[in-house]
>>> print(open('data-v2.cif').read())   # mmCIF, C-alpha atoms
data_protein
loop_
_atom_site.group_PDB
_atom_site.id
_atom_site.type_symbol
_atom_site.label_atom_id
_atom_site.label_comp_id
_atom_site.auth_asym_id
_atom_site.auth_seq_id
_atom_site.Cartn_x
_atom_site.Cartn_y
_atom_site.Cartn_z
ATOM 1 C CA MET A 17 8.833 44.672 -53.506
ATOM 2 C CA SER A 18 11.174 45.684 -50.699
ATOM 3 C CA PHE A 19 11.908 43.617 -47.638
ATOM 4 C CA LEU A 20 10.067 46.135 -45.463
ATOM 5 C CA GLU A 21 6.913 45.990 -47.605
ATOM 6 C CA ARG A 22 6.983 42.170 -47.595
ATOM 7 C CA ALA A 23 7.363 42.113 -43.803
ATOM 8 C CA LYS A 24 4.421 44.494 -43.531
ATOM 9 C CA GLN A 25 2.236 42.211 -45.685
ATOM 10 C CA VAL A 26 3.182 39.136 -43.635
ATOM 11 C CA ALA A 27 2.405 41.005 -40.402
ATOM 12 C CA GLU A 28 -1.009 42.035 -41.752
ATOM 13 C CA GLN A 29 -1.786 38.434 -42.732
ATOM 14 C CA ALA A 30 -0.707 37.204 -39.308
ATOM 15 C CA ALA A 31 -2.946 39.804 -37.653
ATOM 16 C CA LYS A 32 -5.932 38.651 -39.741
ATOM 17 C CA VAL A 33 -5.306 34.983 -38.893
ATOM 18 C CA GLY A 34 -4.839 35.848 -35.219
ATOM 19 C CA ALA A 35 -8.092 37.791 -35.139
ATOM 20 C CA GLU A 36 -9.960 34.892 -36.767
ATOM 21 C CA VAL A 37 -8.500 32.369 -34.292
ATOM 22 C CA GLY A 38 -9.395 34.706 -31.432
ATOM 23 C CA ARG A 39 -13.004 34.970 -32.619
ATOM 24 C CA GLU A 40 -13.297 31.172 -32.901
ATOM 25 C CA ALA A 41 -11.789 30.680 -29.430
ATOM 26 C CA ALA A 42 -14.196 33.229 -27.948
ATOM 27 C CA LYS A 43 -17.111 31.495 -29.651
ATOM 28 C CA VAL A 44 -16.109 28.061 -28.283
ATOM 29 C CA GLY A 45 -15.490 29.543 -24.826
ATOM 30 C CA ALA A 46 -18.926 31.130 -24.804
ATOM 31 C CA GLU A 47 -20.556 27.823 -25.784
ATOM 32 C CA VAL A 48 -18.723 25.908 -23.052
ATOM 33 C CA GLY A 49 -19.565 28.581 -20.489
ATOM 34 C CA GLN A 50 -23.233 28.467 -21.492
ATOM 35 C CA LYS A 51 -23.321 24.658 -21.149
ATOM 36 C CA ALA A 52 -21.654 24.845 -17.716
ATOM 37 C CA ALA A 53 -24.096 27.505 -16.537
ATOM 38 C CA THR A 54 -27.034 25.419 -17.776
ATOM 39 C CA THR A 55 -25.708 22.331 -15.980
ATOM 40 C CA ILE A 56 -25.176 24.249 -12.738
ATOM 41 C CA ARG A 57 -28.718 25.670 -12.847
ATOM 42 C CA ASP A 58 -30.230 22.255 -13.616
ATOM 43 C CA PRO A 59 -32.339 21.176 -10.576
ATOM 44 C CA ALA A 60 -31.407 17.511 -11.115
ATOM 45 C CA THR A 61 -27.692 18.343 -10.935
ATOM 46 C CA LYS A 62 -28.247 20.404 -7.803
ATOM 47 C CA ALA A 63 -30.211 17.545 -6.213
ATOM 48 C CA ARG A 64 -27.468 15.005 -7.042
ATOM 49 C CA ALA A 65 -24.808 17.280 -5.568
ATOM 50 C CA GLN A 66 -26.846 17.818 -2.389
ATOM 51 C CA SER A 67 -27.434 14.078 -2.087
ATOM 52 C CA ALA A 68 -23.687 13.398 -2.413
ATOM 53 C CA VAL A 69 -22.886 15.985 0.268
ATOM 54 C CA ASN A 70 -25.473 14.505 2.639
ATOM 55 C CA LYS A 71 -24.197 10.975 2.028
ATOM 56 C CA ALA A 72 -20.618 12.085 2.760
ATOM 57 C CA LYS A 73 -21.724 13.762 6.009
ATOM 58 C CA ARG A 74 -23.565 10.614 7.129
ATOM 59 C CA GLY A 75 -20.592 8.418 6.228
ATOM 60 C CA PHE A 76 -18.182 10.585 8.179
ATOM 61 C CA THR A 77 -20.458 10.802 11.206
ATOM 62 C CA THR A 78 -21.050 7.052 11.155
ATOM 63 C CA ALA A 79 -17.320 6.278 10.936
ATOM 64 C CA LEU A 80 -16.578 8.709 13.739
ATOM 65 C CA GLU A 81 -19.286 7.234 15.931
ATOM 66 C CA ARG A 82 -17.914 3.718 15.409
ATOM 67 C CA ILE A 83 -14.567 4.534 17.007
ATOM 68 C CA ASP A 84 -14.397 2.985 20.448
ATOM 69 C CA PRO A 85 -13.002 5.619 22.855
ATOM 70 C CA ARG A 86 -11.076 2.910 24.749
ATOM 71 C CA ILE A 87 -9.334 1.801 21.562
ATOM 72 C CA LEU A 88 -8.525 5.396 20.685
ATOM 73 C CA ALA A 89 -7.162 5.883 24.215
ATOM 74 C CA ASP A 90 -4.996 2.753 23.781
ATOM 75 C CA VAL A 91 -3.638 4.165 20.522
ATOM 76 C CA VAL A 92 -2.806 7.448 22.277
ATOM 77 C CA VAL A 93 -1.049 5.655 25.145
ATOM 78 C CA LYS A 94 0.944 3.418 22.793
ATOM 79 C CA ALA A 95 1.888 6.287 20.475
ATOM 80 C CA THR A 96 3.028 8.542 23.312
ATOM 81 C CA SER A 97 4.931 5.652 24.914
ATOM 82 C CA LEU A 98 6.698 5.062 21.611
ATOM 83 C CA GLN A 99 7.425 8.796 21.378
ATOM 84 C CA GLU A 100 8.962 8.822 24.853
ATOM 85 C CA ARG A 101 11.120 5.737 24.199
ATOM 86 C CA ALA A 102 12.243 7.033 20.798
ATOM 87 C CA ASN A 103 13.131 10.425 22.284
ATOM 88 C CA ALA A 104 15.107 8.693 25.057
ATOM 89 C CA SER A 105 16.978 6.678 22.411
ATOM 90 C CA LEU A 106 17.639 9.811 20.343
ATOM 91 C CA LYS A 107 18.922 11.626 23.433
ATOM 92 C CA GLU A 108 21.109 8.647 24.393
ATOM 93 C CA ARG A 109 22.637 8.633 20.888
ATOM 94 C CA GLY A 110 23.291 12.374 21.112
ATOM 95 C CA SER A 111 20.898 13.341 18.322
ATOM 96 C CA LEU A 112 19.827 16.933 17.740
ATOM 97 C CA TYR A 113 16.286 15.750 16.922
ATOM 98 C CA ARG A 114 13.248 14.639 18.888
ATOM 99 C CA ILE A 115 9.723 13.535 18.087
ATOM 100 C CA SER A 116 7.843 16.703 18.951
ATOM 101 C CA GLU A 117 4.291 15.940 17.913
ATOM 102 C CA ILE A 118 2.006 13.002 17.262
ATOM 103 C CA GLY A 119 -0.932 12.987 14.870
ATOM 104 C CA ILE A 120 -3.564 10.285 15.136
ATOM 105 C CA GLY A 121 -5.878 9.778 12.183
ATOM 106 C CA ALA A 122 -9.312 8.612 13.260
ATOM 107 C CA ALA A 123 -9.624 5.863 10.673
ATOM 108 C CA ILE A 124 -10.010 2.135 10.836
ATOM 109 C CA PRO A 125 -7.288 1.166 11.497
ATOM 110 C CA PRO A 126 -6.056 4.405 13.071
ATOM 111 C CA SER A 127 -3.021 6.035 11.527
ATOM 112 C CA VAL A 128 -0.245 7.530 13.593
ATOM 113 C CA THR A 129 2.198 10.157 12.318
ATOM 114 C CA PHE A 130 5.167 11.636 14.125
ATOM 115 C CA THR A 131 6.603 15.114 13.624
ATOM 116 C CA ILE A 132 10.319 15.522 14.134
ATOM 117 C CA ALA A 133 11.840 18.765 15.408
ATOM 118 C CA ARG A 134 15.334 19.971 16.146
ATOM 119 C CA VAL A 135 16.060 20.694 19.811
ATOM 120 C CA ASP A 136 16.596 24.284 20.930
ATOM 121 C CA ASP A 137 20.131 25.639 20.610
ATOM 122 C CA ALA A 138 20.366 25.992 24.396
ATOM 123 C CA GLU A 139 19.827 22.231 24.757
ATOM 124 C CA ALA A 140 22.003 21.296 21.768
ATOM 125 C CA HIS A 141 25.365 21.439 23.588
ATOM 126 C CA GLY A 142 27.128 18.107 23.053
ATOM 127 C CA LEU A 143 24.620 16.797 20.526
ATOM 128 C CA VAL A 144 25.512 15.824 16.958
ATOM 129 C CA ASP A 145 23.758 15.976 13.608
ATOM 130 C CA SER A 146 22.226 12.961 11.874
ATOM 131 C CA SER A 147 25.032 12.654 9.306
ATOM 132 C CA THR A 148 27.532 12.105 12.106
ATOM 133 C CA LEU A 149 25.247 9.534 13.746
ATOM 134 C CA LEU A 150 24.850 7.659 10.440
ATOM 135 C CA ALA A 151 28.597 7.647 9.888
ATOM 136 C CA ALA A 152 29.098 6.220 13.387
ATOM 137 C CA ASP A 153 26.438 3.558 12.741
ATOM 138 C CA ALA A 154 28.101 2.596 9.460
ATOM 139 C CA THR A 155 31.243 1.558 11.320
ATOM 140 C CA LYS A 156 29.238 -1.019 13.287
ATOM 141 C CA VAL A 157 29.042 -4.242 11.303
ATOM 142 C CA ASP A 158 25.716 -5.938 11.998
ATOM 143 C CA GLU A 159 24.027 -8.116 9.413
ATOM 144 C CA THR A 160 20.738 -8.141 11.327
ATOM 145 C CA ILE A 161 18.034 -5.866 10.003
ATOM 146 C CA VAL A 162 15.294 -4.848 12.410
ATOM 147 C CA SER A 163 11.858 -3.913 11.078
ATOM 148 C CA LEU A 164 9.766 -1.072 12.502
ATOM 149 C CA ASP A 165 7.844 -3.565 14.643
ATOM 150 C CA GLY A 166 11.117 -4.698 16.269
ATOM 151 C CA VAL A 167 11.395 -8.078 14.525
ATOM 152 C CA ALA A 168 14.939 -9.025 13.558
ATOM 153 C CA VAL A 169 15.316 -10.240 9.984
ATOM 154 C CA GLN A 170 18.361 -12.349 9.038
ATOM 155 C CA GLY A 171 19.940 -12.575 5.582
ATOM 156 C CA GLU A 172 17.904 -15.554 4.294
ATOM 157 C CA GLU A 173 14.633 -14.125 5.625
ATOM 158 C CA LEU A 174 15.472 -10.772 4.026
ATOM 159 C CA GLU A 175 16.007 -12.413 0.626
ATOM 160 C CA GLU A 176 12.692 -14.232 1.058
ATOM 161 C CA LEU A 177 10.896 -10.969 1.903
ATOM 162 C CA GLN A 178 12.485 -9.208 -1.063
ATOM 163 C CA ALA A 179 11.356 -12.025 -3.359
ATOM 164 C CA GLN A 180 7.772 -11.544 -2.123
ATOM 165 C CA VAL A 181 7.849 -7.834 -2.968
#
>>> encode(input="data-v2.cif", output="structure tokens")
Amino acid sequence: MSFLERAKQVAEQAAKVGAEVGREAAKVGAEVGQKAATTIRDPATKARAQSAVNKAKRGFTTALERIDPRILADVVVKATSLQERANASLKERGSLYRISEIGIGAAIPPSVTFTIARVDDAEAHGLVDSSTLLAADATKVDETIVSLDGVAVQGEELEELQAQV
């Protein structure tokens, strides 16, 4: 038997096996599809899904109604004040970046996110990139670490905090 004839036989066998595997896969796919369609049409499943949607709507509405507008206003004032002070500090340091947008998540407790943007090229004269600012900060030797809430942490306290984490 020549090499070509043997290759032809192997190809025919592979085609037969492939066809059989394809038929089995189609059969299993059809069964799964039928079960999914039956489950979707089931009135009990539909009722459970509708109940879950209604419960989620009520939960969201209730949480939204519980937010005190004065507290939300305080969060807005504090967040925008922080934005203004941070932008003043960035400008003072000569940074090309500013906090351009604030997002407040209406959760308990509320979440606050800040979006940073690069200043327009027209305003960028004399400003420097963040890498330059970091390099300048690295030359300042200061062992004090300040947390985001403004509390200074000394070496011993830092080790203690790291041990807790």
>>> resolve_selection(input="data-v2.cif", expression="the PyMOL selection byres ((chain A and resi 146) around 12)", output="PDB file with C-alpha atoms, in the coordinates of the input")
ATOM      1  CA  LEU A 106      17.639   9.811  20.343  1.00  0.00           C
ATOM      2  CA  ARG A 109      22.637   8.633  20.888  1.00  0.00           C
ATOM      3  CA  GLY A 110      23.291  12.374  21.112  1.00  0.00           C
ATOM      4  CA  SER A 111      20.898  13.341  18.322  1.00  0.00           C
ATOM      5  CA  LEU A 112      19.827  16.933  17.740  1.00  0.00           C
ATOM      6  CA  TYR A 113      16.286  15.750  16.922  1.00  0.00           C
ATOM      7  CA  ARG A 114      13.248  14.639  18.888  1.00  0.00           C
ATOM      8  CA  ARG A 134      15.334  19.971  16.146  1.00  0.00           C
ATOM      9  CA  LEU A 143      24.620  16.797  20.526  1.00  0.00           C
ATOM     10  CA  VAL A 144      25.512  15.824  16.958  1.00  0.00           C
ATOM     11  CA  ASP A 145      23.758  15.976  13.608  1.00  0.00           C
ATOM     12  CA  SER A 147      25.032  12.654   9.306  1.00  0.00           C
ATOM     13  CA  THR A 148      27.532  12.105  12.106  1.00  0.00           C
ATOM     14  CA  LEU A 149      25.247   9.534  13.746  1.00  0.00           C
ATOM     15  CA  LEU A 150      24.850   7.659  10.440  1.00  0.00           C
ATOM     16  CA  ALA A 151      28.597   7.647   9.888  1.00  0.00           C
ATOM     17  CA  ALA A 152      29.098   6.220  13.387  1.00  0.00           C
ATOM     18  CA  ASP A 153      26.438   3.558  12.741  1.00  0.00           C
TER      19      ASP A 153
END
>>> axis_aligned_box(input="data-v2.cif", around="range 93-109 of chain A", padding_each_side="8 Å", output="AutoDock Vina command-line options")
--center_x 10.8 --center_y 7.5 --center_z 22.7 --size_x 39.7 --size_y 24.2 --size_z 20.8
>>> resolve_selection(input="data-v2.cif", expression="the PyMOL selection byres ((chain A and resi 91-97) around 8)", output="CSV table (one decimal) with C-alpha atoms, keeping the file's coordinate frame")
chain,number,residue,atom,x,y,z
A,87,ILE,CA,-9.3,1.8,21.6
A,88,LEU,CA,-8.5,5.4,20.7
A,89,ALA,CA,-7.2,5.9,24.2
A,90,ASP,CA,-5.0,2.8,23.8
A,98,LEU,CA,6.7,5.1,21.6
A,99,GLN,CA,7.4,8.8,21.4
A,100,GLU,CA,9.0,8.8,24.9
A,101,ARG,CA,11.1,5.7,24.2
A,118,ILE,CA,2.0,13.0,17.3
A,120,ILE,CA,-3.6,10.3,15.1
A,126,PRO,CA,-6.1,4.4,13.1
A,128,VAL,CA,-0.2,7.5,13.6
>>> atom_distance(input="data-v2.cif", atom1="CA of Ala41 in chain A", atom2="CA of Ala53 in chain A")
18.1 Å
>>> atom_distance(input="data-v2.cif", atom1="CA of Thr55 in chain A", atom2="CA of Lys43 in chain A")
18.6 Å
>>> resolve_selection(input="data-v2.cif", expression="the PyMOL selection byres ((chain A and resi 132) around 6)", output="VMD selection string")
chain A and resid 114 to 116 131 133
>>> atom_distance(input="data-v2.cif", atom1="CA of Val135 in chain A", atom2="CA of Ala102 in chain A")
14.2 Å
